[in-house]
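Chemist: Sharing a structure, written as structure tokens. Questions coming.
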Amino acid sequence: MSRQIRKAAVLGSGVMGSGIAAHLANVGIPTLLLDIVPPSLSEEEKAKGITEDHPAFRNKFTLTATQKLLKQKPAPLAVKENLDLITIGNLTDDLEKLKDVDWIIEVVVERLDVKQKLFEKVDLYRKPGSIVTSNTSGISIHSMAEGRSEDFRSHFLGTHFFNPPRYLKLLEIIPTEDTKPEIVQFIRNFGENVLGKGVVEAKDTPNFIANRIGTYGLMVTMQEMMKQGYTVGEVDSVTGPLIGRPKSATFRTLDVVGLDTFLHVARNVYEQVDGKEKEVFEIPDFLNEMVDKGWTGSKNGQGFYLKQRSKTGSEILELDPKTLEYKPRSKMKTATLEAAKQMKTTNQKVKALLYSEDRAGKLLWDIIKPVLLYSAEKCYEIADDLVAIDQAMKWGFGWEHGPFEIWDAIGLPESVERMKSEGETIPQWVEELLQSEKTSFYSKAEGDVSYYHNGTYLPVEENKKVIHLSRLKEKGNVITKNGGATLIDLGDDVAGLEFTSPNNAIGPEIIMMLHQAIDEVEKNYKGLVIGNQGKNFCVGANLMLILMEAQDDNFFELDMMVRQFQQAMARVRYSSKPVIAANFGMTLGGGVEVSLPAARLQMSSETYMGLVETGVGLIPGGGGNKELYIRLLEQLPEGARGDLQKVANQAFETIAMAKVSTSAQEARKLGFLRNEDNISVNGDHLLHDAKSQVIALSDLGYKAPVKKKIPVVGEAGYATLALGAQTMHFSQYISEHDLKIAKKLAFVLAGGRVPEGTFLDEQYLLDLEREAFLSLAGEPKSQARMQHMLVKGKPLRN
């Protein structure tokens, strides 16, 4: 019988423990959350008559933790209903419940003695064969299991989640010599396929992989800042997206993580290493002072940055580490920086910056060079191969490229030459690589990637569910393309349509390619996947183009464009071969309209979906109103015609309020997903899962849907919707222009001036939608909203 995790337990309900429990609940696993019994009753509890025997007292820590899950931002729970899967208790009264659990995760205080005592109790109550793991961020896994039963030790390992567990992809697994290989493999597969993680196997060394390399890099950066006299703002202005790192760069990241947490991680290495490495992990005095003052970052309102009110609004100040005083934020400006910003790829930017001689180049070389050398020096001590290090830094710290990928990008032979000229010692295995006349850590051939290991190149092993569109294109799988989209052969007689326009915004080229894709697929393929691997699935239609046409009074052109979009969506809906939309990230406006007509949606669990056109003074024009209304209608029980108004109300509210889901599960609640639509917990498996859907539907003999007339609420329903909007206007909740938009939306959803219960064909509803869209595009206030969104990136309320 194959092993399964039907039920889990998390021991420790702090931010990390409760976050792990929430993530388990998000993927449908009932979870027991336990923590210690509080030491004593509070005065408030005594006043309420609560005794020490009362569950409200004994389970206080887990009860408080689960209540916090509903308030935390970003939200640990995909939908609040997932909290029902978490059962609370305590470590004194409820340990016997561990006998029903398949996986026990320890997340208590980072002290070896505390963990060992807890595991002694766990060993008494767990069922044989159950997996036990520790979420420690650096304590020796082997030491924790000392003295435990043989069955415990053979099923024990480290599983280091990164915070917040729902959002950060990395899961480091750390086996001991006693862990059964099949348990390691099971947790790896489970982590990837069920929890949606990027799993990396680490060795049992201080801080494992990502925190070891990442903390080293942060310490080096702070030391260089102090040595060379850079400011906090200058460092952050060059160590963020410009070099493929998160927006939070260096010091904003530390503020988010918490300086107290960071110090704990740094000290953990400091206490276990020596020599030059120990010097790097020595905590600077100013950092200790900051923590002593309680300036630990975002959670306490100040750290390296402080947000305060000024006469012009709010202002962000940066800390001067030398004086511990706050001053206006600064940015670095150099000619090379400006030139790098114009370059297309991160690799080009990093190479140009690292070899430049100005302040930006010097800073980046001085902080990146040590990280590259340290990664190579520690590679086989902390991991089995260099791939694990690159993946850990990408998945755990949000780097676009890992250290060895960066090293390849800047040129391994020339950078090593420069390092040697500066007196650096190059790790022996890197010297051997270069002596064997190889010039890079990775080798690419026809879309396949290999990595250097012990004198040769080995293929990078990946989960079979991972599809790389870039590699398929390198292999020559492009069927056809234009400036906005590419049609790719995904294999197994399935085609994929990839948007390639800026921000994947929908314009004439994508619409043209949609028609071509359906033509090609209906002749030669089992079906089509609409998906890509950009930052977001699609942020909507090309707003700049709509605004320009509207401002120039080119309403004939705009009308033609909207008609063509509607026609392309009809092709998607009524294609004789199944079309699957593979949504992820931001799926907004036109991105939703492309998706809803598809035979199925395959949605990444982190999908933020919404018809947001009202925010730019419009309503959906490509069929979005009709499609959402149809989806909500389909959820009505057979013959429940009396609920038409309820459906119209829900569609109206979702579109008028520009509601955006905060997860795929919430998108289902909003009506964007049908019951038969699926969710991929691991975003890397999304295209594979969508492709599998195409094949399954095709093998079942897929038939295009039959065109049906649609019942509408008519004039009476319109009056109800308009009254609701009017009430909001009276209470000053919405502006006069919002009211105008809402009434046009209500008219479209109600089906215009027809009696309630009238059945209309789709084209009638599409014509109403198009007319409303065009009339709003001509409104000066709508144009002002579009302009504001394009310039400022946020909605204008006018």
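Chains: A, B, ... in order of the structure tokens. Residues: from 1 per chain. Ligands: from 1, in order shown.
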Determine, counting only C-alpha atoms, which protein, DNA and RNA residues have an atom within 6 Å of an atom of A:Val494; residues of the same chain fewer than 2 positions away are not included. Present the result as an mmCIF file with N, CA and C atoms, in the first residue's frame.

Modeler:
data_model
loop_
_atom_site.group_PDB
_atom_site.id
_atom_site.type_symbol
_atom_site.label_atom_id
_atom_site.label_comp_id
_atom_site.auth_asym_id
_atom_site.auth_seq_id
_atom_site.Cartn_x
_atom_site.Cartn_y
_atom_site.Cartn_z
ATOM 1 N N LEU A 490 3.665 21.594 -27.585
ATOM 2 C CA LEU A 490 4.004 21.155 -26.224
ATOM 3 C C LEU A 490 4.292 19.659 -26.154
ATOM 4 N N GLY A 491 4.165 18.966 -27.288
ATOM 5 C CA GLY A 491 4.335 17.514 -27.294
ATOM 6 C C GLY A 491 3.018 16.806 -27.050
ATOM 7 N N ASP A 492 2.957 15.534 -27.385
ATOM 8 C CA ASP A 492 1.755 14.708 -27.188
ATOM 9 C C ASP A 492 0.534 15.283 -27.904
ATOM 10 N N TYR A 525 -4.131 19.170 -33.915
ATOM 11 C CA TYR A 525 -3.787 18.878 -32.524
ATOM 12 C C TYR A 525 -5.000 18.408 -31.716
ATOM 13 N N LYS A 526 -4.700 17.826 -30.543
ATOM 14 C CA LYS A 526 -5.784 17.373 -29.650
ATOM 15 C C LYS A 526 -6.457 18.545 -28.951
ATOM 16 N N GLY A 527 -5.725 19.625 -28.775
ATOM 17 C CA GLY A 527 -6.291 20.779 -28.088
ATOM 18 C C GLY A 527 -5.227 21.830 -27.845
ATOM 19 N N LEU A 528 -5.623 22.892 -27.136
ATOM 20 C CA LEU A 528 -4.761 24.057 -26.953
ATOM 21 C C LEU A 528 -4.695 24.452 -25.477
#

Chemist: As a ChimeraX atom specification, list the residues of stretch 79-164 of chain A assigned to alpha helix (DSSP H) by DSSP on the backbone atoms of this structure.

Modeler: /A:112-125,141-144,150-154

Chemist: Report as a PyMOL selection string all protein, DNA and RNA residues lying within 7 Å of A:Ala409, evaluated on only C-alpha atoms, omitting residues in the same chain fewer than 2 positions from it.

Modeler: chain A and resi 347+351+405-407+411

Chemist: Using C-alpha atoms, can you write the selected residues to a file as a PDB file, in the first residue's frame?

Modeler:
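Saved result, selection24.pdb, follows:
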ATOM      1  CA  ASN A 347      22.318  38.807 -17.118  1.00  0.00           C
ATOM      2  CA  LYS A 351      27.668  41.758 -16.359  1.00  0.00           C
ATOM      3  CA  GLU A 405      24.176  31.018 -12.763  1.00  0.00           C
ATOM      4  CA  ILE A 406      25.357  34.574 -11.985  1.00  0.00           C
ATOM      5  CA  TRP A 407      28.970  33.431 -12.249  1.00  0.00           C
ATOM      6  CA  GLY A 411      31.918  34.954 -17.600  1.00  0.00           C
TER       7      GLY A 411
END

Chemist: Hey, what's within 7 Å of stretch 30-38 of chain A if we count only C-alpha atoms and toss same-chain stuff fewer than 2 positions away? As an MDAnalysis selection string, please?

Modeler: chainID A and resid 7:13 21 24:25 28 40 58:59 61:62 85:92

Chemist: Leaving out A:Leu98 and any residue of its chain fewer than 2 positions from it, which residues lie within 9 Å of it when counting only C-alpha atoms, given as a PyMOL selection string?

Modeler: chain A and resi 8-9+32+94-96+100-104+122+125-127

Chemist: Can you measure atom CA of A:Ile741 to atom CA of A:Ile546 for me? One decimal in Å is fine.

Modeler: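 A separation of 17.0 Å between them.
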
Chemist: Would you kindly return, as a ChimeraX atom specification, each protein, DNA or RNA residue with an atom no farther than 10 Å from any atom of A:His688, considering only C-alpha atoms and excluding same-chain residues fewer than 5 positions away?

Modeler: /A:464-468,490,529,582,602,680,683,693-694

Chemist: Go ahead and write the residues just picked, C-alpha atoms, as a compact mmCIF listing (two decimals), in the first residue's frame.

Modeler:
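Wrote again23.txt, looks like this:
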# COMPACT_ATOMS: atom_id res chain seq x y z
CA LYS A 464 8.53 15.30 -14.82
CA LYS A 465 5.68 17.80 -14.40
CA VAL A 466 7.94 20.79 -15.15
CA ILE A 467 7.66 22.22 -18.68
CA HIS A 468 10.00 25.03 -19.82
CA LEU A 490 4.00 21.16 -26.22
CA VAL A 529 -3.31 25.40 -23.70
CA ALA A 582 -3.54 28.04 -17.47
CA GLN A 602 -6.30 25.09 -14.77
CA SER A 680 -2.34 23.37 -9.40
CA GLY A 683 2.93 26.70 -10.21
CA GLN A 693 -6.53 18.20 -19.06
CA VAL A 694 -6.46 18.67 -22.85

Chemist: Might you pull out every residue within 6 Å of A:Gly244, with only C-alpha atoms counted and same-chain residues fewer than 4 positions away left off, and present them as a tab-separated table (two decimals) with C-alpha atoms, in the first residue's frame?

Modeler:
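In the end it all went to result.tsv:
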chain	number	residue	atom	x	y	z
A	346	THR	CA	19.21	40.70	-15.98
A	399	TRP	CA	16.82	35.62	-6.61
A	400	GLU	CA	16.24	35.41	-10.36

Chemist: Between A:Val257, A:Phe499, A:Phe441, A:Ala667, single out the one closest to A:Asn300, counting only C-alpha atoms.

Modeler: A:Val257

Chemist: Counting only C-alpha atoms, which residues of stretch 316-404 of chain A fall within 12 Å of stretch 452-457 of chain A, and what is the closest atom pair for each with its distance in Å at one decimal, ordered by chain and rising number, as CSV?

Modeler:
residue,atom,partner,partner_atom,distance
A:Cys379,CA,A:His453,CA,11.1
A:Tyr380,CA,A:His453,CA,10.3
A:Asp384,CA,A:His453,CA,9.6
A:Asp385,CA,A:His453,CA,7.1
A:Leu386,CA,A:Tyr452,CA,8.0
A:Val387,CA,A:Tyr452,CA,9.2
A:Phe404,CA,A:Tyr452,CA,10.3

Chemist: Take the residues from that selection and put them in a file with N, CA and C atoms, as a PDB file, in the first residue's frame.

Modeler:
ATOM      1  N   CYS A 379      30.108  24.601  -1.344  1.00  0.00           N
ATOM      2  CA  CYS A 379      29.172  23.835  -2.166  1.00  0.00           C
ATOM      3  C   CYS A 379      28.974  22.401  -1.691  1.00  0.00           C
ATOM      4  N   TYR A 380      30.038  21.628  -1.633  1.00  0.00           N
ATOM      5  CA  TYR A 380      29.880  20.194  -1.332  1.00  0.00           C
ATOM      6  C   TYR A 380      29.843  19.905   0.163  1.00  0.00           C
ATOM      7  N   ASP A 384      24.698  18.532  -2.131  1.00  0.00           N
ATOM      8  CA  ASP A 384      25.279  17.464  -2.954  1.00  0.00           C
ATOM      9  C   ASP A 384      25.806  17.991  -4.283  1.00  0.00           C
ATOM     10  N   ASP A 385      25.267  19.125  -4.724  1.00  0.00           N
ATOM     11  CA  ASP A 385      25.698  19.670  -6.014  1.00  0.00           C
ATOM     12  C   ASP A 385      25.378  21.161  -6.080  1.00  0.00           C
ATOM     13  N   LEU A 386      25.899  21.809  -7.106  1.00  0.00           N
ATOM     14  CA  LEU A 386      25.718  23.265  -7.237  1.00  0.00           C
ATOM     15  C   LEU A 386      24.287  23.645  -7.602  1.00  0.00           C
ATOM     16  N   VAL A 387      23.537  22.727  -8.226  1.00  0.00           N
ATOM     17  CA  VAL A 387      22.142  23.011  -8.595  1.00  0.00           C
ATOM     18  C   VAL A 387      21.313  23.288  -7.348  1.00  0.00           C
ATOM     19  N   PHE A 404      25.818  30.312  -9.010  1.00  0.00           N
ATOM     20  CA  PHE A 404      26.586  29.720 -10.113  1.00  0.00           C
ATOM     21  C   PHE A 404      26.051  30.172 -11.471  1.00  0.00           C
TER      22      PHE A 404
END

Chemist: Given the choices A:Val478, A:Ala78, A:Ile5, A:Val15, which gets closest to A:Ile131 if the distance is worked out from only C-alpha atoms?

Modeler: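 Nearest to A:Ile131: A:Ile5.
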
Chemist: Where does stretch 330-385 of chain A meet stretch 224-240 of chain A within 10 Å, residue by residue, with the nearest atom pair and distance in Å to one decimal for each, counting only C-alpha atoms, listed by chain and rising number, as a Markdown table?

Modeler:
| residue | atom | partner | partner_atom | distance |
| --- | --- | --- | --- | --- |
| A:Ser330 | CA | A:Gly233 | CA | 4.8 |
| A:Lys331 | CA | A:Glu234 | CA | 4.5 |
| A:Met332 | CA | A:Glu234 | CA | 4.6 |
| A:Lys333 | CA | A:Glu234 | CA | 8.4 |
| A:Leu337 | CA | A:Val238 | CA | 8.1 |
| A:Leu353 | CA | A:Val238 | CA | 9.6 |
| A:Arg359 | CA | A:Tyr230 | CA | 9.1 |
| A:Ala360 | CA | A:Val238 | CA | 7.1 |
| A:Gly361 | CA | A:Val238 | CA | 9.4 |
| A:Lys362 | CA | A:Gln228 | CA | 9.7 |
| A:Leu363 | CA | A:Glu224 | CA | 7.5 |
| A:Leu364 | CA | A:Thr239 | CA | 7.8 |
| A:Asp366 | CA | A:Glu224 | CA | 7.2 |
| A:Ile367 | CA | A:Glu224 | CA | 7.1 |
| A:Ile368 | CA | A:Thr239 | CA | 9.9 |

Chemist: What's the separation between atom CA of A:Gly49 and atom CA of A:Lys97, in Å to one decimal place?

Modeler: 28.4 Å

Chemist: By how many Å are atom CA of A:Leu632 and atom CA of A:Gln645 apart?

Modeler: 11.2 Å

Chemist: Would you please work out which residue, of A:Ala648, A:Val449, A:Ile619, A:Met343, is nearest to A:Lys740 when using only C-alpha atoms?

Modeler: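 Looking at the shortest contact to A:Lys740, the residue is A:Ile619.
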
Chemist: Go through A:Phe281, A:Val269, A:Asp123, A:Met16 one by one, measure the shortest atom-to-atom distance of each to A:Gln223 using only C-alpha atoms, and give the residue with the smallest value.

Modeler: A:Phe281

Chemist: Which one of A:Glu446, A:Asp493, A:Glu120, A:Glu638 sits closest to A:Lys523 if you count only C-alpha atoms?

Modeler: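 Using only C-alpha atoms, the shortest distance to A:Lys523 belongs to A:Asp493.
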
Chemist: For A:Val199, which residue out of A:Arg212, A:Pro164, A:Gly275, A:Gln391 is the nearest one, using only C-alpha atoms?

Modeler: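 Closest to A:Val199, using only C-alpha atoms: A:Gln391.
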